[in-house]
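Here is the file coords-v8.cif (mmCIF, C-alpha atoms).
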```
data_protein
#
loop_
_atom_site.label_atom_id
_atom_site.label_comp_id
_atom_site.auth_asym_id
_atom_site.auth_seq_id
_atom_site.Cartn_x
_atom_site.Cartn_y
_atom_site.Cartn_z
CA MET A 1 134.77 179.86 255.94
CA SER A 2 131.01 179.33 255.55
CA ALA A 3 128.37 180.05 258.21
CA ARG A 4 127.41 176.38 258.03
CA THR A 5 130.96 175.35 258.98
CA VAL A 6 130.98 177.68 261.98
CA LYS A 7 127.59 176.46 263.15
CA ARG A 8 128.65 172.83 262.96
CA ALA A 9 131.89 173.55 264.83
CA ALA A 10 130.09 175.48 267.56
CA ARG A 11 127.94 172.47 268.47
CA LEU A 12 130.93 170.51 269.82
CA PRO A 13 130.79 169.78 273.59
CA ARG A 14 133.03 172.08 275.65
CA ALA A 15 135.57 169.38 276.62
CA GLN A 16 135.88 168.21 273.02
CA ARG A 17 136.28 171.79 271.74
CA ILE A 18 139.06 172.50 274.28
CA GLU A 19 140.87 169.30 273.33
CA GLU A 20 140.62 170.25 269.66
CA ILE A 21 142.00 173.73 270.31
CA LEU A 22 144.89 172.36 272.37
CA ASP A 23 145.82 169.82 269.70
CA ALA A 24 145.88 172.52 267.03
CA ALA A 25 147.77 174.95 269.27
CA ARG A 26 150.42 172.33 270.01
CA GLU A 27 150.96 171.78 266.28
CA VAL A 28 151.29 175.49 265.50
CA PHE A 29 153.47 176.33 268.51
CA CYS A 30 155.84 173.49 267.59
CA GLU A 31 155.98 174.55 263.95
CA ARG A 32 156.37 178.30 264.44
CA GLY A 33 157.45 178.92 268.02
CA TYR A 34 155.56 181.08 270.46
CA GLU A 35 156.26 184.56 269.08
CA ASP A 36 155.43 183.68 265.46
CA THR A 37 152.23 181.80 266.31
CA ALA A 38 149.00 183.65 265.56
CA VAL A 39 145.83 182.64 267.39
CA ALA A 40 144.01 183.16 264.10
CA GLU A 41 146.06 180.33 262.55
CA ILE A 42 145.19 178.00 265.42
CA ALA A 43 141.52 178.81 264.87
CA ALA A 44 141.83 178.22 261.14
CA ARG A 45 143.32 174.75 261.74
CA ILE A 46 140.05 173.62 263.34
CA GLY A 47 137.68 175.67 261.20
CA VAL A 48 136.51 178.28 263.70
CA VAL A 49 136.84 182.05 264.06
CA GLU A 50 139.55 183.52 266.30
CA GLY A 51 136.98 184.65 268.88
CA THR A 52 136.10 181.01 269.59
CA ILE A 53 139.58 180.42 271.00
CA PHE A 54 139.15 183.30 273.45
CA LYS A 55 135.92 181.82 274.75
CA TYR A 56 138.07 179.11 276.37
CA PHE A 57 141.46 180.80 276.89
CA GLU A 58 142.14 184.33 278.07
CA ASN A 59 145.16 184.85 275.84
CA LYS A 60 147.87 183.12 273.82
CA ARG A 61 150.13 182.63 276.82
CA GLU A 62 147.45 180.84 278.81
CA LEU A 63 146.96 178.59 275.80
CA LEU A 64 150.68 177.82 275.64
CA LEU A 65 150.86 176.97 279.35
CA LYS A 66 147.90 174.63 279.04
CA VAL A 67 149.49 172.89 276.05
CA LEU A 68 152.70 172.36 277.99
CA GLY A 69 150.86 171.25 281.13
CA ASN A 70 148.98 168.62 279.14
CA TRP A 71 152.27 167.43 277.67
CA TYR A 72 153.75 167.02 281.14
CA ASP A 73 150.74 164.96 282.20
CA GLU A 74 150.91 162.85 279.06
CA LEU A 75 154.64 162.24 279.19
CA PHE A 76 155.33 161.76 282.88
CA GLY A 77 152.05 160.48 284.25
CA ASP A 78 153.09 156.81 284.10
CA TYR A 79 156.59 157.21 285.59
CA SER A 80 155.67 155.90 289.02
CA GLN A 81 154.02 152.82 287.56
CA ASP A 82 156.99 152.13 285.28
CA LEU A 83 159.43 152.45 288.18
CA ARG A 84 157.60 149.80 290.17
CA GLY A 85 158.51 147.25 287.50
CA ILE A 86 162.26 147.96 287.73
CA ASN A 87 164.40 146.26 290.36
CA GLY A 88 167.27 148.04 292.08
CA ALA A 89 167.91 151.71 292.78
CA LYS A 90 170.71 151.94 290.20
CA ASN A 91 168.47 150.53 287.46
CA ARG A 92 165.71 152.95 288.43
CA PHE A 93 168.21 155.80 288.48
CA ARG A 94 169.30 154.91 284.97
CA TYR A 95 165.69 154.64 283.79
CA LEU A 96 164.83 158.17 284.95
CA ILE A 97 167.88 159.58 283.17
CA TRP A 98 166.98 157.70 280.01
CA ARG A 99 163.36 158.86 280.10
CA HIS A 100 164.39 162.48 280.48
CA LEU A 101 166.88 162.26 277.63
CA SER A 102 164.27 160.50 275.49
CA ALA A 103 161.79 163.33 276.11
CA LEU A 104 164.41 165.84 274.99
CA HIS A 105 165.13 163.70 271.93
CA ASP A 106 161.53 162.99 270.93
CA TYR A 107 159.94 166.39 271.63
CA PRO A 108 162.58 169.03 270.88
CA ALA A 109 160.10 171.74 269.89
CA LEU A 110 158.12 171.42 273.11
CA CYS A 111 161.36 171.40 275.13
CA ARG A 112 162.50 174.59 273.41
CA LEU A 113 159.19 176.21 274.36
CA ILE A 114 159.70 175.16 277.98
CA PHE A 115 163.22 176.60 278.09
CA SER A 116 162.63 179.81 276.16
CA GLU A 117 159.07 180.77 277.12
CA VAL A 118 158.54 179.33 280.60
CA ARG A 119 161.70 178.75 282.64
CA SER A 120 163.25 182.04 281.60
CA ARG A 121 160.35 184.09 282.99
CA PRO A 122 160.40 185.55 286.51
CA ASP A 123 157.00 184.04 287.37
CA TYR A 124 158.13 180.47 286.65
CA LEU A 125 158.86 179.58 290.29
CA GLN A 126 155.24 180.37 291.21
CA SER A 127 153.72 178.59 288.22
CA GLU A 128 151.84 175.31 287.95
CA LEU A 129 154.46 174.04 285.52
CA HIS A 130 157.18 174.55 288.11
CA ALA A 131 155.15 172.57 290.64
CA MET A 132 154.69 169.80 288.07
CA ASN A 133 158.41 169.78 287.34
CA ARG A 134 159.25 169.52 291.05
CA SER A 135 156.89 166.57 291.38
CA TYR A 136 158.53 164.93 288.37
CA THR A 137 162.10 165.42 289.60
CA SER A 138 161.16 164.24 293.09
CA LEU A 139 160.99 160.72 291.66
CA LEU A 140 164.77 160.78 291.27
CA ILE A 141 165.22 161.92 294.86
CA GLU A 142 163.00 159.06 296.04
CA VAL A 143 165.11 156.57 294.08
CA VAL A 144 168.34 157.90 295.63
CA GLU A 145 166.77 157.72 299.09
CA GLU A 146 165.72 154.14 298.38
CA GLY A 147 169.27 153.31 297.28
CA ALA A 148 170.64 154.76 300.52
CA ARG A 149 168.23 152.66 302.58
CA ASN A 150 169.11 149.39 300.85
CA GLY A 151 172.86 150.02 300.83
CA GLU A 152 173.36 150.69 297.10
CA PHE A 153 174.13 154.38 297.68
CA ARG A 154 175.81 156.31 300.46
CA ASN A 155 173.83 157.91 303.26
CA ASN A 156 173.61 161.67 303.78
CA LEU A 157 173.87 162.54 300.09
CA PRO A 158 172.98 166.14 299.09
CA LEU A 159 169.73 165.21 297.35
CA PRO A 160 168.96 168.56 295.67
CA LEU A 161 172.50 168.59 294.28
CA ILE A 162 172.13 165.04 292.91
CA ARG A 163 168.87 166.10 291.25
CA ASP A 164 170.51 169.17 289.70
CA LEU A 165 173.51 167.16 288.53
CA VAL A 166 171.27 164.69 286.70
CA TYR A 167 168.82 167.04 285.03
CA GLY A 168 171.27 169.88 284.52
CA CYS A 169 173.77 167.53 282.88
CA ALA A 170 171.13 165.92 280.66
CA GLU A 171 169.73 169.23 279.46
CA HIS A 172 173.14 170.82 278.97
CA HIS A 173 174.29 167.83 276.93
CA ALA A 174 171.11 167.95 274.81
CA TRP A 175 171.25 171.69 274.20
CA ARG A 176 173.03 171.50 270.85
CA PHE A 177 170.69 168.75 269.72
CA LEU A 178 167.65 170.89 270.56
CA TYR A 179 168.98 173.62 268.32
CA GLY A 180 169.99 171.34 265.47
CA THR A 181 173.77 171.15 265.68
CA GLN A 182 174.39 167.73 267.26
CA GLN A 183 172.86 164.26 267.52
CA LEU A 184 171.61 162.81 270.80
CA ASP A 185 171.72 159.13 271.79
CA PRO A 186 169.58 158.69 274.95
CA GLU A 187 170.68 155.08 275.51
CA CYS A 188 174.39 155.82 275.32
CA ILE A 189 174.26 159.01 277.39
CA ALA A 190 172.05 157.37 280.03
CA ASP A 191 174.60 154.56 280.39
CA GLN A 192 177.50 157.01 280.68
CA MET A 193 175.76 159.30 283.17
CA THR A 194 174.65 156.35 285.30
CA ALA A 195 178.17 154.91 285.39
CA VAL A 196 179.80 158.23 286.33
CA LEU A 197 177.21 159.35 288.88
CA CYS A 198 176.53 156.00 290.50
CA ASP A 199 180.24 155.36 291.03
CA GLY A 200 180.31 158.60 292.95
CA ILE A 201 177.27 157.94 295.14
CA ALA A 202 177.76 154.19 295.66
CA ASP A 203 178.18 152.98 299.22
CA GLN A 204 181.90 152.21 299.32
CA ARG A 205 181.46 150.00 302.38
CA THR A 206 179.26 147.72 300.29
CA ASN A 207 181.89 147.58 297.58
CA GLU A 208 184.59 146.75 300.14
CA THR A 209 182.44 144.04 301.68
CA LEU A 210 181.88 142.44 298.30
CA THR A 211 185.59 142.59 297.57
CA GLN A 212 186.43 141.04 300.92
CA GLN A 213 183.89 138.29 300.34
CA ALA A 214 185.34 137.58 296.92
CA GLU A 215 188.85 137.40 298.35
CA ARG A 216 187.70 135.10 301.15
CA LEU A 217 185.98 132.77 298.70
CA ALA A 218 189.08 132.75 296.50
CA THR A 219 191.20 131.81 299.54
CA ILE A 220 188.84 128.99 300.48
CA ALA A 221 188.81 127.70 296.92
CA ASP A 222 192.62 127.77 296.86
CA ARG A 223 192.82 125.83 300.13
CA LEU A 224 190.33 123.24 298.89
CA GLU A 225 192.28 122.83 295.70
CA LYS A 226 195.55 122.32 297.64
CA SER A 227 193.85 119.87 300.00
CA VAL A 228 192.53 117.82 297.08
CA ASP A 229 196.02 117.81 295.51
CA ARG A 230 197.60 116.51 298.75
CA LYS A 231 195.05 113.74 299.11
CA THR A 232 195.53 112.77 295.49
CA ARG A 233 199.30 112.55 295.97
CA VAL A 234 198.92 110.39 299.11
CA ARG A 235 196.61 107.96 297.30
CA THR A 236 199.00 107.81 294.35
CA ARG A 237 201.88 106.83 296.63
CA ARG A 238 199.84 104.01 298.19
#
```

Now that the file is in, can you turn its structure into structure tokens?
Amino acid sequence: MSARTVKRAARLPRAQRIEEILDAAREVFCERGYEDTAVAEIAARIGVVEGTIFKYFENKRELLLKVLGNWYDELFGDYSQDLRGINGAKNRFRYLIWRHLSALHDYPALCRLIFSEVRSRPDYLQSELHAMNRSYTSLLIEVVEEGARNGEFRNNLPLPLIRDLVYGCAEHHAWRFLYGTQQLDPECIADQMTAVLCDGIADQRTNETLTQQAERLATIADRLEKSVDRKTRVRTRR
């Protein structure tokens, strides 16, 4: 690499240089995994020396965490806005399941990094990524609470358990896909999970009320039909 190349690269504004480093790091981490990624290769991707990377990041792990944090922001930042355009707690519930499965499907390498290099470490619960994940999964809890308020779901549901059932099930089901041994259909699995889980948390009183209403309407319709038949017969006789 020529001195001229290094000089030109060094003139980039700080924010632009950091963005460039993170883009290159994301590519290399996804291609090689964390252990097999060399900071020197990340530097080579953007035409700088390895020392340039360490001007902005203390070490390779800090770089990884920043890459994953940016991905969280990019992927989940518009969830709240998207949810506002969806009517009904069950539809919103299904949407959140589908989005999570779609993330697993579309970004398997980044998901593997999250599982193997972040969640498995003892410091995860105190990390920024854990806080971001809690904020993300809290959207599901809010949807279930909304469903309980409007009568779609039962009251007094164990909200942390519902959250764990949804995300644990989705990630367990996707595990073989992430490691290349099975396909994953986010649409199909989202439909199946929504059907199974929402049947379990639905407000049964609402279902009974709807059934009773349907039966009452059927009875009224039957009586009207019989009344019309009687009147028709009387007129025919006259």

Translate the PyMOL selection byres ((chain A and resi 156-158) around 12), as applied to the file shown, into an explicit residue set as a ChimeraX atom specification.
-> /A:141,144-149,153-155,159-165,198,200-203

Evaluating the PyMOL selection byres ((chain A and resi 99) around 10) on the displayed file yields which residues, as a VMD selection string?
-> chain A and resid 75 to 76 79 94 to 98 100 to 105 186 to 187 190

Compare A:Glu20, A:Glu142, A:Asp191, A:Glu128 by their minimum atom-to-atom distance to Gly69 in chain A, counting all atoms listed in the file, and give me the closest one.
-> A:Glu128

Closest of A:Ala24, A:Leu63, A:Ile86, A:Val166 to Val48 in chain A, counting all atoms listed in the file, is A:Ala24

Could you state the separation of CA of Leu125 in chain A and CA of Leu140 in chain A in Å, given to one decimal place?
->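 About the pair CA of Leu125 in chain A and CA of Leu140 in chain A: they are 19.7 Å apart.
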
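Taking CA of Glu152 in chain A and CA of Ala195 in chain A as the two end points, the separation is 13.3 Å.
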
Which residues fall under the PyMOL selection byres ((chain A and resi 41-45) around 10) in this file, as a PyMOL selection string?
-> chain A and resi 1+20-29+37-40+46-54

Between CA of Arg92 in chain A and CA of Thr137 in chain A, measure the distance and give it in Å to one decimal.
->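 These atoms are spaced 13.0 Å apart.
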